[in-house]
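J.: The following block contains the structure, expressed as structure tokens.
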Amino acid sequence: MKRDVFNAIADPTRRSILMSLTNESQNVNALANKFDMTRQAVSLHIKYLQECGVITIKKEGRERHCNLDVQKLTEIADWLEPFRKMWTAKFNQLNIVLDELQSKPNDKL
């Protein structure tokens, strides 16, 4: 089965790992320390993310450093774009209605 970027974000642990890598690369041990699971379980998630193409792993001596591949994540942004446009249009319509309501004089009962 070919894994893609959507498989990568389907799991909350993998999403947390990706968020942890947004500021800097981290070694596998540092990532594993952030989770209440075995290092082996975190390593499986990391391998999964690598197979999805959203992270790369660089060996430096005995350590493996994980790096986020943001280019691959643009597939998610591209897929979400029509929904962003839809919500932007709806909020713009709401703003128009609110502006119209605010510009009307208050009727006294």
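Each chain of the structure tokens is named A, B, ... in the order shown, its residues numbered from 1; ligands are numbered from 1 in display order.
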Determine which residues of chain A DSSP labels as alpha helix (DSSP H) from the backbone of this structure, then write them out as JSON, numbers by chain.

T.: {"A": [5, 6, 7, 8, 12, 13, 14, 15, 16, 17, 18, 19, 20, 28, 29, 30, 31, 32, 39, 40, 41, 42, 43, 44, 45, 46, 47, 48, 49, 50, 51, 52, 70, 71, 72, 73, 74, 75, 76, 77, 78, 79, 80, 81, 82, 83, 84, 85, 86, 87, 88, 89, 90, 91, 92, 93, 94, 95, 96, 97, 98, 99, 100, 101, 102, 103]}

J.: For the contact check between range 15-63 of chain A and range 68-80 of chain A, emit one row per residue of range 15-63 of chain A within 12 Å, containing the shortest atom pair and the distance in Å rounded to one decimal, counting only C-alpha atoms, chain then rising number order, as a tab-separated table.

T.:
```
residue	atom	partner	partner_atom	distance
A:Arg15	CA	A:Leu68	CA	11.6
A:Ile17	CA	A:Leu68	CA	9.5
A:Leu18	CA	A:Leu68	CA	6.9
A:Met19	CA	A:Leu68	CA	9.1
A:Ser20	CA	A:Leu68	CA	9.3
A:Leu21	CA	A:Leu68	CA	5.8
A:Thr22	CA	A:Leu68	CA	6.7
A:Asn23	CA	A:Leu68	CA	9.1
A:Glu24	CA	A:Leu68	CA	8.3
A:Ser25	CA	A:Leu68	CA	7.2
A:Gln26	CA	A:Leu68	CA	9.6
A:Asn27	CA	A:Leu68	CA	11.9
A:Ile46	CA	A:Leu68	CA	10.9
A:Leu49	CA	A:Leu68	CA	9.5
A:Gln50	CA	A:Leu68	CA	9.4
A:Glu51	CA	A:Lys72	CA	11.7
A:Cys52	CA	A:Lys72	CA	8.8
A:Gly53	CA	A:Lys72	CA	6.6
A:Val54	CA	A:Asp69	CA	4.9
A:Ile55	CA	A:Leu68	CA	4.5
A:Thr56	CA	A:Leu68	CA	6.5
A:Ile57	CA	A:Leu68	CA	9.0
A:Lys58	CA	A:Leu68	CA	11.2
```

J.: Check range 37-93 of chain A with DSSP on the backbone and list each residue it calls strand (DSSP E), as number ranges by chain.

T.: A: 55-60, 63-68

J.: If we count only C-alpha atoms, what is near Asn29 in chain A at a cut-off of 10 Å, once residues fewer than 4 positions away on the same chain are taken out, given as a ChimeraX atom specification?

T.: /A:33-34,39,42-43,63-65

J.: Save the residues we just selected, all heavy atoms, as a tab-separated table (two decimals), in the first residue's frame?

T.:
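Result file is out.tsv:
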```tsv
chain	number	residue	atom	x	y	z
A	33	ASN	N	10.89	10.86	23.90
A	33	ASN	CA	10.72	11.33	25.28
A	33	ASN	C	9.46	12.17	25.46
A	33	ASN	O	9.00	12.38	26.58
A	33	ASN	CB	11.94	12.11	25.73
A	33	ASN	CG	13.14	11.21	25.94
A	33	ASN	OD1	13.00	10.02	26.19
A	33	ASN	ND2	14.33	11.79	25.83
A	34	LYS	N	8.88	12.67	24.38
A	34	LYS	CA	7.70	13.53	24.47
A	34	LYS	C	6.39	12.74	24.56
A	34	LYS	O	5.34	13.33	24.77
A	34	LYS	CB	7.64	14.45	23.25
A	34	LYS	CG	8.80	15.40	23.19
A	34	LYS	CD	8.72	16.28	21.96
A	34	LYS	CE	9.94	17.19	21.95
A	34	LYS	NZ	9.88	18.19	20.94
A	39	ARG	N	9.82	3.72	23.00
A	39	ARG	CA	10.64	4.29	21.93
A	39	ARG	C	10.38	3.54	20.62
A	39	ARG	O	10.36	4.14	19.56
A	39	ARG	CB	12.13	4.21	22.29
A	39	ARG	CG	13.02	4.87	21.28
A	39	ARG	CD	14.50	4.60	21.57
A	39	ARG	NE	15.37	5.23	20.60
A	39	ARG	CZ	15.56	4.78	19.37
A	39	ARG	NH1	14.93	3.73	18.92
A	39	ARG	NH2	16.37	5.41	18.55
A	42	VAL	N	7.24	4.91	19.00
A	42	VAL	CA	7.51	6.21	18.36
A	42	VAL	C	8.32	5.99	17.08
A	42	VAL	O	8.06	6.62	16.06
A	42	VAL	CB	8.21	7.17	19.34
A	42	VAL	CG1	8.63	8.45	18.63
A	42	VAL	CG2	7.30	7.48	20.52
A	43	SER	N	9.28	5.08	17.13
A	43	SER	CA	10.09	4.78	15.95
A	43	SER	C	9.23	4.27	14.80
A	43	SER	O	9.49	4.61	13.63
A	43	SER	CB	11.17	3.74	16.27
A	43	SER	OG	12.15	4.31	17.10
A	63	GLU	N	23.21	8.71	16.03
A	63	GLU	CA	21.90	9.33	16.14
A	63	GLU	C	21.23	9.47	14.78
A	63	GLU	O	21.89	9.63	13.76
A	63	GLU	CB	22.01	10.71	16.80
A	63	GLU	CG	22.41	10.65	18.24
A	63	GLU	CD	22.36	12.02	18.90
A	63	GLU	OE1	22.17	13.03	18.19
A	63	GLU	OE2	22.51	12.08	20.12
A	64	ARG	N	19.91	9.42	14.82
A	64	ARG	CA	19.10	9.66	13.62
A	64	ARG	C	18.29	10.93	13.87
A	64	ARG	O	17.50	11.00	14.80
A	64	ARG	CB	18.17	8.48	13.35
A	64	ARG	CG	18.92	7.21	13.04
A	64	ARG	CD	17.99	6.04	12.72
A	64	ARG	NE	16.86	5.94	13.63
A	64	ARG	CZ	15.65	5.53	13.27
A	64	ARG	NH1	15.40	5.19	12.02
A	64	ARG	NH2	14.67	5.45	14.15
A	65	HIS	N	18.52	11.93	13.03
A	65	HIS	CA	17.81	13.20	13.16
A	65	HIS	C	16.67	13.27	12.15
A	65	HIS	O	16.86	13.00	10.97
A	65	HIS	CB	18.77	14.38	12.96
A	65	HIS	CG	19.71	14.57	14.10
A	65	HIS	ND1	19.39	15.37	15.16
A	65	HIS	CD2	20.92	14.04	14.37
A	65	HIS	CE1	20.39	15.35	16.04
A	65	HIS	NE2	21.33	14.54	15.57
```

J.: Out of A:Arg14, A:Arg84, A:Lys90, A:Lys2, which residue has the shortest atom-to-atom distance to Ala41 in chain A when counting only C-alpha atoms?

T.: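 Nearest candidate to Ala41 in chain A out of A:Arg14, A:Arg84, A:Lys90, A:Lys2: A:Arg14.
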
J.: Enter the distance from CA of Tyr48 in chain A to CA of Asp4 in chain A, in Å, rounded to one decimal.

T.: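 For CA of Tyr48 in chain A relative to CA of Asp4 in chain A, the distance reads 9.8 Å.
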
J.: Could you jot down the CA of Ala89 in chain A to CA of Gln102 in chain A separation for me, Å, one decimal place?

T.: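 Separation of CA of Ala89 in chain A and CA of Gln102 in chain A: 20.0 Å.
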